[in-house]
Amino acid sequence: MKKRRAFPLVLVAGFMALAVVVAPAIADELLGVLTKVNIEGKKVTVVEKGSDKEVEVTVNDDTEWVTPKGASKIDLEKISKRLEKTQAKGAKGIPVKVTHEKAVASKIEPSFRKKAE
(Lines give C-alpha, C1' and ligand atoms only; values in the text may rest on other atoms or scores of the structure.)
Protein backbone atom coordinates (compact mmCIF):
# COMPACT_ATOMS: atom_id res chain seq x y z
CA MET A 1 0.00 0.00 0.00
CA LYS A 2 1.31 3.46 -0.90
CA LYS A 3 2.04 5.92 1.80
CA ARG A 4 0.14 9.20 1.91
CA ARG A 5 3.41 11.10 2.29
CA ALA A 6 4.33 10.48 -1.36
CA PHE A 7 1.81 13.05 -2.66
CA PRO A 8 3.35 16.11 -0.92
CA LEU A 9 6.80 14.97 -2.02
CA VAL A 10 5.69 14.74 -5.65
CA LEU A 11 3.93 18.10 -5.39
CA VAL A 12 7.03 19.85 -3.97
CA ALA A 13 9.28 18.24 -6.58
CA GLY A 14 6.93 19.46 -9.34
CA PHE A 15 7.00 23.05 -8.06
CA MET A 16 10.79 23.00 -7.80
CA ALA A 17 11.12 21.72 -11.36
CA LEU A 18 8.78 24.44 -12.58
CA ALA A 19 10.76 27.12 -10.70
CA VAL A 20 14.02 25.95 -12.27
CA VAL A 21 12.52 26.14 -15.76
CA VAL A 22 10.70 29.47 -15.33
CA ALA A 23 13.38 31.47 -13.45
CA PRO A 24 15.81 31.81 -16.40
CA ALA A 25 12.93 32.79 -18.68
CA ILE A 26 12.28 35.90 -16.56
CA ALA A 27 15.59 37.53 -17.56
CA ASP A 28 15.56 39.39 -20.87
CA GLU A 29 18.22 39.18 -23.55
CA LEU A 30 19.29 42.13 -25.62
CA LEU A 31 21.24 41.63 -28.83
CA GLY A 32 22.95 44.64 -30.29
CA VAL A 33 26.04 46.82 -30.42
CA LEU A 34 27.59 48.42 -27.35
CA THR A 35 28.20 52.04 -28.35
CA LYS A 36 28.77 54.01 -25.13
CA VAL A 37 30.21 53.38 -21.68
CA ASN A 38 29.46 55.69 -18.75
CA ILE A 39 32.02 54.73 -16.11
CA GLU A 40 30.83 57.15 -13.41
CA GLY A 41 27.16 56.26 -13.83
CA LYS A 42 27.92 52.53 -14.26
CA LYS A 43 25.84 52.35 -17.43
CA VAL A 44 26.36 51.04 -20.94
CA THR A 45 24.36 51.98 -24.01
CA VAL A 46 23.44 49.27 -26.49
CA VAL A 47 21.86 49.89 -29.90
CA GLU A 48 19.34 47.10 -30.36
CA LYS A 49 19.85 44.80 -33.34
CA GLY A 50 17.29 45.34 -36.09
CA SER A 51 16.45 48.88 -34.96
CA ASP A 52 18.20 52.10 -34.03
CA LYS A 53 16.72 52.08 -30.54
CA GLU A 54 19.29 52.89 -27.85
CA VAL A 55 18.87 50.97 -24.60
CA GLU A 56 20.71 52.11 -21.49
CA VAL A 57 21.57 49.24 -19.17
CA THR A 58 22.93 49.63 -15.65
CA VAL A 59 25.81 47.43 -14.52
CA ASN A 60 26.64 46.56 -10.92
CA ASP A 61 29.36 44.72 -9.03
CA ASP A 62 27.76 41.36 -9.84
CA THR A 63 27.68 41.91 -13.61
CA GLU A 64 29.88 39.44 -15.48
CA TRP A 65 31.83 39.93 -18.72
CA VAL A 66 31.76 36.52 -20.40
CA THR A 67 34.33 35.55 -23.05
CA PRO A 68 35.32 32.17 -24.50
CA LYS A 69 38.16 32.15 -21.93
CA GLY A 70 35.69 32.44 -19.05
CA ALA A 71 33.70 34.91 -16.98
CA SER A 72 35.03 37.77 -14.90
CA LYS A 73 33.64 40.79 -13.08
CA ILE A 74 33.01 43.67 -15.45
CA ASP A 75 35.68 46.36 -15.74
CA LEU A 76 34.14 49.42 -17.42
CA GLU A 77 37.50 51.13 -17.91
CA LYS A 78 38.85 48.20 -19.96
CA ILE A 79 35.64 48.00 -21.95
CA SER A 80 35.73 51.75 -22.61
CA LYS A 81 39.29 51.49 -23.97
CA ARG A 82 38.36 48.50 -26.11
CA LEU A 83 35.31 50.38 -27.42
CA GLU A 84 37.48 53.37 -28.38
CA LYS A 85 39.87 51.09 -30.30
CA THR A 86 36.97 49.37 -32.05
CA GLN A 87 35.35 52.67 -33.03
CA ALA A 88 38.73 54.03 -34.22
CA LYS A 89 38.85 51.13 -36.69
CA GLY A 90 35.55 52.34 -38.15
CA ALA A 91 33.11 49.97 -36.44
CA LYS A 92 29.94 51.19 -34.75
CA GLY A 93 30.85 49.44 -31.50
CA ILE A 94 31.23 46.03 -29.88
CA PRO A 95 28.59 43.42 -30.78
CA VAL A 96 27.17 42.03 -27.53
CA LYS A 97 24.43 39.93 -25.97
CA VAL A 98 23.23 41.41 -22.68
CA THR A 99 21.25 39.35 -20.19
CA HIS A 100 19.36 41.73 -17.93
CA GLU A 101 16.40 42.05 -15.61
CA LYS A 102 14.66 45.43 -15.38
CA ALA A 103 17.58 47.13 -17.21
CA VAL A 104 20.19 45.83 -14.74
CA ALA A 105 22.70 43.60 -16.51
CA SER A 106 23.69 40.29 -14.99
CA LYS A 107 25.84 39.11 -17.90
CA ILE A 108 27.37 40.75 -20.99
CA GLU A 109 28.80 38.54 -23.72
CA PRO A 110 30.76 40.08 -26.59
CA SER A 111 30.10 38.33 -29.89
CA PHE A 112 33.24 37.05 -31.53
CA ARG A 113 33.29 36.23 -35.22
CA LYS A 114 35.12 33.13 -36.26
CA LYS A 115 38.18 34.00 -38.32
CA ALA A 116 38.18 32.71 -41.90
CA GLU A 117 40.74 29.99 -42.34
# chains A, B, ... in the order shown; residues from 1 in each chain; ligands from 1
>>> select_by_dssp(residues="chain A", states="alpha helix (DSSP H)", output="JSON, numbers by chain")
{"A": [6, 7, 8, 9, 10, 11, 12, 13, 14, 15, 16, 17, 18, 19, 20, 21, 22, 23, 24, 25, 26, 76, 77, 78, 79, 80, 81, 82, 83, 84, 85, 86, 87, 88]}
>>> write_last_selection(atoms="N, CA and C atoms", output="tab-separated table (two decimals), in the first residue's frame")
chain	number	residue	atom	x	y	z
A	6	ALA	N	3.76	10.39	-0.02
A	6	ALA	CA	4.33	10.48	-1.36
A	6	ALA	C	3.72	11.66	-2.13
A	7	PHE	N	2.46	11.96	-1.92
A	7	PHE	CA	1.81	13.05	-2.66
A	7	PHE	C	2.46	14.41	-2.40
A	8	PRO	N	2.69	14.81	-1.14
A	8	PRO	CA	3.35	16.11	-0.92
A	8	PRO	C	4.76	16.15	-1.51
A	9	LEU	N	5.46	15.04	-1.46
A	9	LEU	CA	6.80	14.97	-2.02
A	9	LEU	C	6.76	15.20	-3.53
A	10	VAL	N	5.84	14.57	-4.21
A	10	VAL	CA	5.69	14.74	-5.65
A	10	VAL	C	5.28	16.17	-5.97
A	11	LEU	N	4.40	16.73	-5.18
A	11	LEU	CA	3.93	18.10	-5.39
A	11	LEU	C	5.09	19.11	-5.24
A	12	VAL	N	5.88	18.95	-4.19
A	12	VAL	CA	7.03	19.85	-3.97
A	12	VAL	C	8.05	19.69	-5.09
A	13	ALA	N	8.33	18.48	-5.50
A	13	ALA	CA	9.28	18.24	-6.58
A	13	ALA	C	8.80	18.89	-7.89
A	14	GLY	N	7.50	18.83	-8.14
A	14	GLY	CA	6.93	19.46	-9.34
A	14	GLY	C	7.09	20.97	-9.33
A	15	PHE	N	6.83	21.60	-8.18
A	15	PHE	CA	7.00	23.05	-8.06
A	15	PHE	C	8.46	23.46	-8.23
A	16	MET	N	9.36	22.68	-7.67
A	16	MET	CA	10.79	23.00	-7.80
A	16	MET	C	11.24	22.89	-9.25
A	17	ALA	N	10.77	21.87	-9.94
A	17	ALA	CA	11.12	21.72	-11.36
A	17	ALA	C	10.58	22.89	-12.17
A	18	LEU	N	9.39	23.31	-11.88
A	18	LEU	CA	8.78	24.44	-12.58
A	18	LEU	C	9.56	25.72	-12.30
A	19	ALA	N	9.99	25.93	-11.07
A	19	ALA	CA	10.76	27.12	-10.70
A	19	ALA	C	12.10	27.16	-11.44
A	20	VAL	N	12.74	26.01	-11.58
A	20	VAL	CA	14.02	25.95	-12.27
A	20	VAL	C	13.86	26.28	-13.75
A	21	VAL	N	12.76	25.88	-14.34
A	21	VAL	CA	12.52	26.14	-15.76
A	21	VAL	C	12.09	27.58	-15.99
A	22	VAL	N	11.26	28.14	-15.13
A	22	VAL	CA	10.70	29.47	-15.33
A	22	VAL	C	11.67	30.58	-14.95
A	23	ALA	N	12.49	30.41	-13.94
A	23	ALA	CA	13.38	31.47	-13.45
A	23	ALA	C	14.29	32.04	-14.54
A	24	PRO	N	14.98	31.23	-15.35
A	24	PRO	CA	15.81	31.81	-16.40
A	24	PRO	C	15.00	32.53	-17.48
A	25	ALA	N	13.76	32.16	-17.65
A	25	ALA	CA	12.93	32.79	-18.68
A	25	ALA	C	12.55	34.21	-18.29
A	26	ILE	N	12.64	34.57	-17.02
A	26	ILE	CA	12.28	35.90	-16.56
A	26	ILE	C	13.29	36.94	-17.06
A	76	LEU	N	34.60	48.43	-16.44
A	76	LEU	CA	34.14	49.42	-17.42
A	76	LEU	C	35.28	50.21	-18.05
A	77	GLU	N	36.37	50.40	-17.33
A	77	GLU	CA	37.50	51.13	-17.91
A	77	GLU	C	38.12	50.34	-19.07
A	78	LYS	N	38.31	49.04	-18.89
A	78	LYS	CA	38.85	48.20	-19.96
A	78	LYS	C	37.90	48.18	-21.15
A	79	ILE	N	36.62	48.06	-20.87
A	79	ILE	CA	35.64	48.00	-21.95
A	79	ILE	C	35.60	49.32	-22.70
A	80	SER	N	35.72	50.43	-21.98
A	80	SER	CA	35.73	51.75	-22.61
A	80	SER	C	36.93	51.89	-23.55
A	81	LYS	N	38.10	51.44	-23.11
A	81	LYS	CA	39.29	51.49	-23.97
A	81	LYS	C	39.13	50.60	-25.19
A	82	ARG	N	38.58	49.41	-24.99
A	82	ARG	CA	38.36	48.50	-26.11
A	82	ARG	C	37.35	49.09	-27.09
A	83	LEU	N	36.32	49.74	-26.58
A	83	LEU	CA	35.31	50.38	-27.42
A	83	LEU	C	35.93	51.49	-28.25
A	84	GLU	N	36.80	52.30	-27.65
A	84	GLU	CA	37.48	53.37	-28.38
A	84	GLU	C	38.32	52.81	-29.52
A	85	LYS	N	39.05	51.73	-29.25
A	85	LYS	CA	39.87	51.09	-30.30
A	85	LYS	C	38.99	50.56	-31.42
A	86	THR	N	37.88	49.94	-31.06
A	86	THR	CA	36.97	49.37	-32.05
A	86	THR	C	36.36	50.47	-32.91
A	87	GLN	N	35.95	51.57	-32.28
A	87	GLN	CA	35.35	52.67	-33.03
A	87	GLN	C	36.40	53.40	-33.86
A	88	ALA	N	37.66	53.41	-33.43
A	88	ALA	CA	38.73	54.03	-34.22
A	88	ALA	C	38.98	53.26	-35.51
>>> closest_residue(among="A:Gly90, A:Lys73, A:Ala103, A:Asp62", to="Thr45 of chain A", atoms="only C-alpha atoms")
A:Ala103
>>> closest_residue(among="A:Lys42, A:Lys49, A:Lys92, A:Lys69", to="Leu30 of chain A", atoms="only C-alpha atoms")
A:Lys49
>>> residues_around(residues="Val55 of chain A", least_positions_apart="2", cutoff="8 Å", atoms="only C-alpha atoms", output="PyMOL selection string")
chain A and resi 45-48+53+57
>>> residues_around(residues="Glu101 of chain A", least_positions_apart="2", cutoff="7 Å", atoms="only C-alpha atoms", output="number ranges by chain")
A: 27-28, 103-105
>>> residues_around(residues="Thr63 of chain A", least_positions_apart="6", cutoff="10 Å", atoms="only C-alpha atoms", output="number ranges by chain")
A: 71-75, 99-100, 104-108
